[in-house]
>>> print(open('data39.txt').read())   # compact mmCIF, C-alpha atoms and all ligand atoms
# COMPACT_ATOMS: atom_id res chain seq x y z
CA MET A 29 1.23 -1.89 0.37
CA ARG A 30 -1.05 -0.41 2.95
CA ILE A 31 -4.23 1.48 2.12
CA LEU A 32 -6.60 3.60 4.19
CA VAL A 33 -10.26 3.70 3.14
CA VAL A 34 -12.27 6.64 4.54
CA GLU A 35 -15.93 5.98 3.80
CA ASP A 36 -18.99 6.36 6.04
CA GLU A 37 -21.17 3.84 4.21
CA HIS A 38 -20.16 0.67 6.00
CA ARG A 39 -21.33 -1.62 3.21
CA ILE A 40 -19.18 0.12 0.60
CA ALA A 41 -16.20 0.51 2.95
CA ASN A 42 -16.25 -3.14 3.93
CA SER A 43 -16.62 -4.42 0.39
CA ILE A 44 -13.66 -2.26 -0.73
CA LYS A 45 -11.61 -3.60 2.19
CA LYS A 46 -12.49 -7.19 1.34
CA GLY A 47 -11.69 -6.72 -2.34
CA LEU A 48 -8.38 -5.00 -1.67
CA GLU A 49 -7.34 -7.66 0.80
CA GLN A 50 -7.87 -10.25 -1.91
CA GLU A 51 -5.36 -8.24 -3.94
CA LYS A 52 -2.94 -8.60 -0.99
CA TYR A 53 -3.15 -5.05 0.31
CA ALA A 54 -3.22 -4.32 4.05
CA VAL A 55 -6.34 -2.21 4.58
CA ASP A 56 -7.56 0.05 7.37
CA VAL A 57 -11.03 1.60 7.34
CA ALA A 58 -12.23 4.84 8.96
CA TYR A 59 -15.99 5.56 8.99
CA THR A 60 -15.83 9.27 9.85
CA GLY A 61 -13.78 12.07 8.36
CA GLU A 62 -12.22 12.84 11.70
CA ASP A 63 -11.01 9.28 12.26
CA GLY A 64 -9.75 9.16 8.70
CA TYR A 65 -7.79 12.36 9.11
CA ASP A 66 -6.27 11.18 12.40
CA LEU A 67 -5.17 7.86 10.91
CA ALA A 68 -3.83 9.46 7.71
CA SER A 69 -1.85 11.96 9.82
CA SER A 70 -0.34 9.46 12.22
CA GLU A 71 0.14 6.29 10.16
CA GLU A 72 2.06 5.47 6.99
CA TYR A 73 -0.14 4.65 3.99
CA ASP A 74 0.73 4.03 0.38
CA VAL A 75 -2.68 5.16 -0.89
CA LEU A 76 -5.63 6.94 0.69
CA ILE A 77 -9.12 6.25 -0.71
CA LEU A 78 -11.33 9.09 0.36
CA ASP A 79 -15.08 9.65 0.17
CA LEU A 80 -16.13 13.33 -0.06
CA MET A 81 -19.37 13.50 1.93
CA LEU A 82 -18.31 12.36 5.39
CA PRO A 83 -19.53 13.03 8.91
CA LYS A 84 -17.42 15.32 11.13
CA MET A 85 -14.88 16.34 8.48
CA ASP A 86 -15.44 16.31 4.71
CA GLY A 87 -13.05 14.81 2.18
CA ILE A 88 -11.95 18.12 0.66
CA THR A 89 -10.96 19.46 4.08
CA ILE A 90 -9.05 16.24 4.81
CA CYS A 91 -7.13 16.60 1.53
CA ARG A 92 -6.27 20.22 2.17
CA GLU A 93 -5.18 19.63 5.75
CA LEU A 94 -2.99 16.64 4.87
CA ARG A 95 -1.24 18.56 2.09
CA LYS A 96 -0.83 21.59 4.33
CA ASN A 97 0.92 19.32 6.84
CA ASN A 98 3.21 17.88 4.17
CA LYS A 99 1.58 14.47 3.96
CA HIS A 100 2.28 13.31 0.42
CA VAL A 101 0.32 10.07 0.39
CA PRO A 102 -1.40 9.56 -2.99
CA ILE A 103 -5.13 10.33 -2.59
CA LEU A 104 -7.92 8.83 -4.66
CA ILE A 105 -11.27 10.53 -4.17
CA LEU A 106 -14.29 8.27 -4.33
CA THR A 107 -17.68 9.89 -4.42
CA ALA A 108 -21.22 9.93 -5.70
CA LYS A 109 -20.78 13.48 -6.88
CA SER A 110 -20.28 13.41 -10.60
CA GLN A 111 -20.31 17.06 -11.51
CA LEU A 112 -17.24 18.45 -13.16
CA GLU A 113 -16.99 21.24 -10.60
CA ASP A 114 -16.60 18.76 -7.71
CA LYS A 115 -13.84 16.93 -9.53
CA VAL A 116 -11.95 20.16 -10.05
CA VAL A 117 -12.33 21.17 -6.39
CA GLY A 118 -11.14 17.70 -5.33
CA LEU A 119 -8.07 17.74 -7.53
CA ASN A 120 -7.26 21.33 -6.60
CA SER A 121 -7.39 20.46 -2.93
CA GLY A 122 -4.51 18.02 -3.38
CA ALA A 123 -6.11 14.75 -4.51
CA ASP A 124 -4.29 12.76 -7.20
CA ASP A 125 -7.18 10.98 -8.84
CA TYR A 126 -10.95 10.78 -8.88
CA LEU A 127 -13.43 7.93 -9.22
CA THR A 128 -17.21 8.37 -9.36
CA LYS A 129 -19.63 5.95 -7.69
CA PRO A 130 -20.83 3.52 -8.83
CA PHE A 131 -17.45 2.27 -10.00
CA SER A 132 -16.07 -1.07 -11.08
CA PHE A 133 -13.68 -2.73 -8.71
CA GLU A 134 -11.30 -3.41 -11.62
CA GLU A 135 -11.07 0.30 -12.29
CA LEU A 136 -10.41 1.05 -8.62
CA ILE A 137 -7.56 -1.50 -8.58
CA ALA A 138 -6.10 -0.14 -11.82
CA ARG A 139 -6.12 3.38 -10.44
CA ILE A 140 -4.51 2.30 -7.18
CA ARG A 141 -1.79 0.52 -9.13
CA ALA A 142 -1.18 3.64 -11.19
CA LEU A 143 -0.88 5.72 -8.01
CA VAL A 144 1.74 3.50 -6.37
CA ARG A 145 3.68 2.89 -9.56
CA ARG A 146 7.24 4.04 -9.55
CA PRO A 147 8.45 4.38 -13.13
CA LYS A 148 12.14 3.96 -12.31
CA ILE A 149 11.96 0.46 -10.90
CA ASN A 150 8.66 -0.71 -12.25
CA LEU A 151 8.37 -2.20 -15.70
CA GLY A 152 4.61 -2.44 -16.05
CA SER A 153 3.34 -4.73 -13.35
CA VAL A 154 6.63 -6.59 -12.92
CA LEU A 155 9.14 -5.47 -10.29
CA LYS A 156 12.74 -6.48 -10.86
CA VAL A 157 15.78 -6.42 -8.58
CA ALA A 158 18.89 -8.29 -9.77
CA ASP A 159 17.58 -11.65 -11.06
CA LEU A 160 14.52 -11.53 -8.82
CA THR A 161 11.18 -10.62 -10.41
CA LEU A 162 7.76 -10.17 -8.89
CA ASP A 163 4.63 -9.89 -10.99
CA THR A 164 2.21 -7.78 -8.96
CA LEU A 165 -0.76 -8.81 -11.11
CA THR A 166 -0.32 -12.57 -10.98
CA PHE A 167 1.60 -12.61 -7.63
CA VAL A 168 4.27 -14.83 -9.21
CA ALA A 169 7.83 -14.42 -7.95
CA LYS A 170 10.89 -15.78 -9.72
CA ARG A 171 14.57 -15.92 -8.90
CA GLY A 172 16.21 -16.45 -12.27
CA LYS A 173 13.98 -19.05 -13.88
CA GLU A 174 12.93 -20.67 -10.65
CA ASN A 175 9.33 -20.08 -9.56
CA ILE A 176 8.85 -19.11 -5.93
CA THR A 177 5.58 -19.69 -4.12
CA LEU A 178 4.80 -16.96 -1.60
CA SER A 179 2.16 -16.62 1.08
CA SER A 180 0.03 -13.50 1.00
CA LYS A 181 2.12 -11.68 3.63
CA GLU A 182 5.40 -12.82 2.11
CA PHE A 183 4.23 -11.33 -1.17
CA SER A 184 3.38 -8.00 0.52
CA LEU A 185 6.71 -7.94 2.33
CA LEU A 186 8.68 -8.74 -0.81
CA GLU A 187 6.76 -6.14 -2.82
CA TYR A 188 7.55 -3.49 -0.20
CA LEU A 189 11.25 -4.45 -0.13
CA MET A 190 11.43 -4.42 -3.94
CA ARG A 191 9.69 -1.07 -4.33
CA ASN A 192 12.24 0.35 -1.89
CA SER A 193 15.29 -1.60 -3.01
CA GLY A 194 18.60 -0.08 -1.91
CA LYS A 195 16.97 1.70 1.02
CA ILE A 196 17.40 0.57 4.60
CA LEU A 197 13.98 -0.26 6.02
CA SER A 198 13.41 -0.51 9.76
CA LYS A 199 11.13 -3.13 11.25
CA ASP A 200 8.72 -0.30 12.08
CA ASN A 201 8.71 0.83 8.43
CA ILE A 202 7.97 -2.72 7.38
CA ILE A 203 5.21 -3.22 9.95
CA SER A 204 3.47 0.00 8.99
CA HIS A 205 3.46 -0.77 5.25
CA VAL A 206 2.76 -4.49 5.25
CA TRP A 207 0.29 -4.99 8.09
CA ASP A 208 -2.89 -3.10 8.90
CA TYR A 209 -3.40 -1.12 12.08
CA ASP A 210 -5.28 -3.89 13.90
CA ALA A 211 -2.63 -6.50 13.22
CA ASP A 212 -0.64 -5.74 16.40
CA ILE A 213 2.63 -7.08 15.00
CA LEU A 214 5.81 -7.33 17.06
CA PRO A 215 9.26 -6.64 15.56
CA ASN A 216 9.97 -10.30 16.21
CA THR A 217 7.31 -11.28 13.68
CA VAL A 218 9.09 -9.28 11.00
CA GLU A 219 12.23 -11.33 11.68
CA VAL A 220 10.24 -14.51 11.23
CA TYR A 221 8.84 -13.34 7.88
CA ILE A 222 12.24 -12.10 6.68
CA LYS A 223 13.73 -15.47 7.54
CA ALA A 224 11.01 -17.29 5.61
CA LEU A 225 11.47 -14.98 2.63
CA ARG A 226 15.25 -15.50 2.72
CA ASN A 227 14.76 -19.24 2.63
CA LYS A 228 12.67 -18.84 -0.48
CA ILE A 229 14.60 -16.26 -2.48
CA ASP A 230 18.23 -16.43 -1.26
CA HIS A 231 18.67 -20.05 -0.20
CA GLY A 232 21.14 -21.83 -2.49
CA HIS A 233 22.14 -18.62 -4.28
CA LYS A 234 25.64 -17.13 -4.18
CA LYS A 235 24.34 -13.59 -4.21
CA LEU A 236 22.17 -12.80 -1.20
CA LEU A 237 19.60 -10.12 -1.94
CA ILE A 238 18.15 -9.54 1.55
CA GLN A 239 20.74 -7.89 3.75
CA THR A 240 20.49 -7.31 7.48
CA VAL A 241 21.74 -3.91 8.50
CA ARG A 242 22.57 -4.42 12.12
CA GLY A 243 20.79 -2.08 14.49
CA PHE A 244 18.76 -0.54 11.63
CA GLY A 245 16.77 -3.09 9.71
CA TYR A 246 16.88 -4.68 6.28
CA LYS A 247 17.80 -3.79 2.75
CA LEU A 248 17.17 -5.46 -0.58
CA THR A 249 20.29 -4.99 -2.68
CA ASN A 250 20.76 -5.12 -6.42
CA CA B 1 -20.36 9.46 2.21
>>> encode(input="data39.txt", output="structure tokens")
Amino acid sequence: MRILVVEDEHRIANSIKKGLEQEKYAVDVAYTGEDGYDLASSEEYDVLILDLMLPKMDGITICRELRKNNKHVPILILTAKSQLEDKVVGLNSGADDYLTKPFSFEELIARIRALVRRPKINLGSVLKVADLTLDTLTFVAKRGKENITLSSKEFSLLEYLMRNSGKILSKDNIISHVWDYDADILPNTVEVYIKALRNKIDHGHKKLLIQTVRGFGYKLTN
């Protein structure tokens, strides 16, 4: 899952980025409203964390403009403003949730999880496809009863594949949801990670879950 943090206070922005990376998210940071809006418009994010008082373009305007341009990324507003009126304006402008500073990091994480949750395929924090399960809180993967140890990026890749199981995902889709903007990943790298993941989850099993769709990308099948 890839998250954009738009926050002009560097200290806060960087501590959010660090914390989210520990939770295995790919994180980009924009320090002005304008940069945030440009990134949110041109890149694929799973959640946008947005401060309200920003230089160059404020958070409410960013929300409105993104929604006007049919960008449906879940938006969590993060701000020092605690008045009810500001919350209402924020939510009316197209934000999905609201968190007032100072906030606990645990609450931020819980709210992000709620925003990316897909009720159909997500049973609490555990994703399940065929006999493969992935606990997104403990980062434990299992095929049947067998525990699988994943690296941080393998976890992110598998989570993305599982949340989109049955869909064909191009290497570009994968790159833009699993790595941050600065990562500079080549399609070749995706192949390497897919191969490693296959070795861990499909090796020795009759039913192969990761399918290659020639010329298009990959698909995790049920
Ligand atoms: Ca601010």
>>> closest_atom_pairs(input="data39.txt", of="chain A", to="ligand CA 1 (chain B)", cutoff="12 Å", atoms="all atoms listed in the file", output="tab-separated table")
residue	atom	partner	partner_atom	distance
A:Val33	CA	B:CA1	CA	11.7
A:Val34	CA	B:CA1	CA	8.9
A:Glu35	CA	B:CA1	CA	5.9
A:Asp36	CA	B:CA1	CA	5.1
A:Glu37	CA	B:CA1	CA	6.0
A:His38	CA	B:CA1	CA	9.6
A:Arg39	CA	B:CA1	CA	11.2
A:Ile40	CA	B:CA1	CA	9.6
A:Ala41	CA	B:CA1	CA	9.9
A:Ala58	CA	B:CA1	CA	11.5
A:Tyr59	CA	B:CA1	CA	9.0
A:Thr60	CA	B:CA1	CA	8.9
A:Gly61	CA	B:CA1	CA	9.4
A:Leu78	CA	B:CA1	CA	9.2
A:Asp79	CA	B:CA1	CA	5.7
A:Leu80	CA	B:CA1	CA	6.2
A:Met81	CA	B:CA1	CA	4.2
A:Leu82	CA	B:CA1	CA	4.8
A:Pro83	CA	B:CA1	CA	7.6
A:Lys84	CA	B:CA1	CA	11.1
A:Met85	CA	B:CA1	CA	10.8
A:Asp86	CA	B:CA1	CA	8.8
A:Gly87	CA	B:CA1	CA	9.1
A:Ile105	CA	B:CA1	CA	11.2
A:Leu106	CA	B:CA1	CA	9.0
A:Thr107	CA	B:CA1	CA	7.2
A:Ala108	CA	B:CA1	CA	8.0
A:Lys109	CA	B:CA1	CA	9.9
A:Lys129	CA	B:CA1	CA	10.5
>>> closest_residue(input="data39.txt", among="A:Leu185, A:Ile196, A:Ile229, A:Val220", to="Leu248 (chain A)", atoms="all atoms listed in the file")
A:Ile196
>>> atom_distance(input="data39.txt", atom1="CA of Lys195 (chain A)", atom2="CA of Asn98 (chain A)")
21.5 Å
>>> closest_residue(input="data39.txt", among="A:Glu219, A:Asp210, A:Asp124, A:Asp63", to="Cys91 (chain A)", atoms="all atoms listed in the file")
A:Asp124
>>> residues_around(input="data39.txt", residues="Glu135 (chain A)", least_positions_apart="6", cutoff="12 Å", atoms="all atoms listed in the file", output="number ranges by chain")
A: 104, 106, 125-129, 141-142
>>> atom_distance(input="data39.txt", atom1="CA of Ala169 (chain A)", atom2="CA of Thr217 (chain A)")
21.9 Å
>>> closest_residue(input="data39.txt", among="A:Val57, A:Leu160, A:Ala211, A:Leu119", to="Arg92 (chain A)", atoms="all atoms listed in the file")
A:Leu119
>>> residues_around(input="data39.txt", residues="Leu178 (chain A)", least_positions_apart="3", cutoff="9 Å", atoms="all atoms listed in the file", output="PDB file with C-alpha atoms, in the coordinates of the input")
ATOM      1  CA  PHE A 167       1.600 -12.610  -7.630  1.00  0.00           C
ATOM      2  CA  VAL A 168       4.270 -14.830  -9.210  1.00  0.00           C
ATOM      3  CA  ALA A 169       7.830 -14.420  -7.950  1.00  0.00           C
ATOM      4  CA  LYS A 181       2.120 -11.680   3.630  1.00  0.00           C
ATOM      5  CA  GLU A 182       5.400 -12.820   2.110  1.00  0.00           C
ATOM      6  CA  PHE A 183       4.230 -11.330  -1.170  1.00  0.00           C
ATOM      7  CA  LEU A 225      11.470 -14.980   2.630  1.00  0.00           C
ATOM      8  CA  LYS A 228      12.670 -18.840  -0.480  1.00  0.00           C
TER       9      LYS A 228
END
>>> atom_distance(input="data39.txt", atom1="CA of Ser121 (chain A)", atom2="CA of Trp207 (chain A)")
28.8 Å
>>> closest_residue(input="data39.txt", among="A:Ser69, A:Arg139, A:Lys247, A:His233", to="Gly172 (chain A)", atoms="all atoms listed in the file")
A:His233
>>> closest_residue(input="data39.txt", among="A:Ser70, A:Asn42, A:Thr177, A:Asn192", to="Val144 (chain A)", atoms="only C-alpha atoms")
A:Asn192
>>> residues_around(input="data39.txt", residues="Arg145 (chain A)", least_positions_apart="6", cutoff="12 Å", atoms="only C-alpha atoms", output="list in words")
Met29, Asp74, Val75, Pro102, Ala138, Arg139, Leu151, Gly152, Ser153, Val154, Leu155, Thr164, Glu187, Tyr188, Arg191 and Asn192 of chain A
>>> write_last_selection(input="data39.txt", atoms="C-alpha atoms", output="CSV table (one decimal), in the frame of the given file")
chain,number,residue,atom,x,y,z
A,29,MET,CA,1.2,-1.9,0.4
A,74,ASP,CA,0.7,4.0,0.4
A,75,VAL,CA,-2.7,5.2,-0.9
A,102,PRO,CA,-1.4,9.6,-3.0
A,138,ALA,CA,-6.1,-0.1,-11.8
A,139,ARG,CA,-6.1,3.4,-10.4
A,151,LEU,CA,8.4,-2.2,-15.7
A,152,GLY,CA,4.6,-2.4,-16.0
A,153,SER,CA,3.3,-4.7,-13.4
A,154,VAL,CA,6.6,-6.6,-12.9
A,155,LEU,CA,9.1,-5.5,-10.3
A,164,THR,CA,2.2,-7.8,-9.0
A,187,GLU,CA,6.8,-6.1,-2.8
A,188,TYR,CA,7.6,-3.5,-0.2
A,191,ARG,CA,9.7,-1.1,-4.3
A,192,ASN,CA,12.2,0.4,-1.9
>>> residues_around(input="data39.txt", residues="Lys235 (chain A)", least_positions_apart="2", cutoff="10 Å", atoms="only C-alpha atoms", output="VMD selection string")
chain A and resid 158 to 159 230 to 233 237 to 238 249 to 250
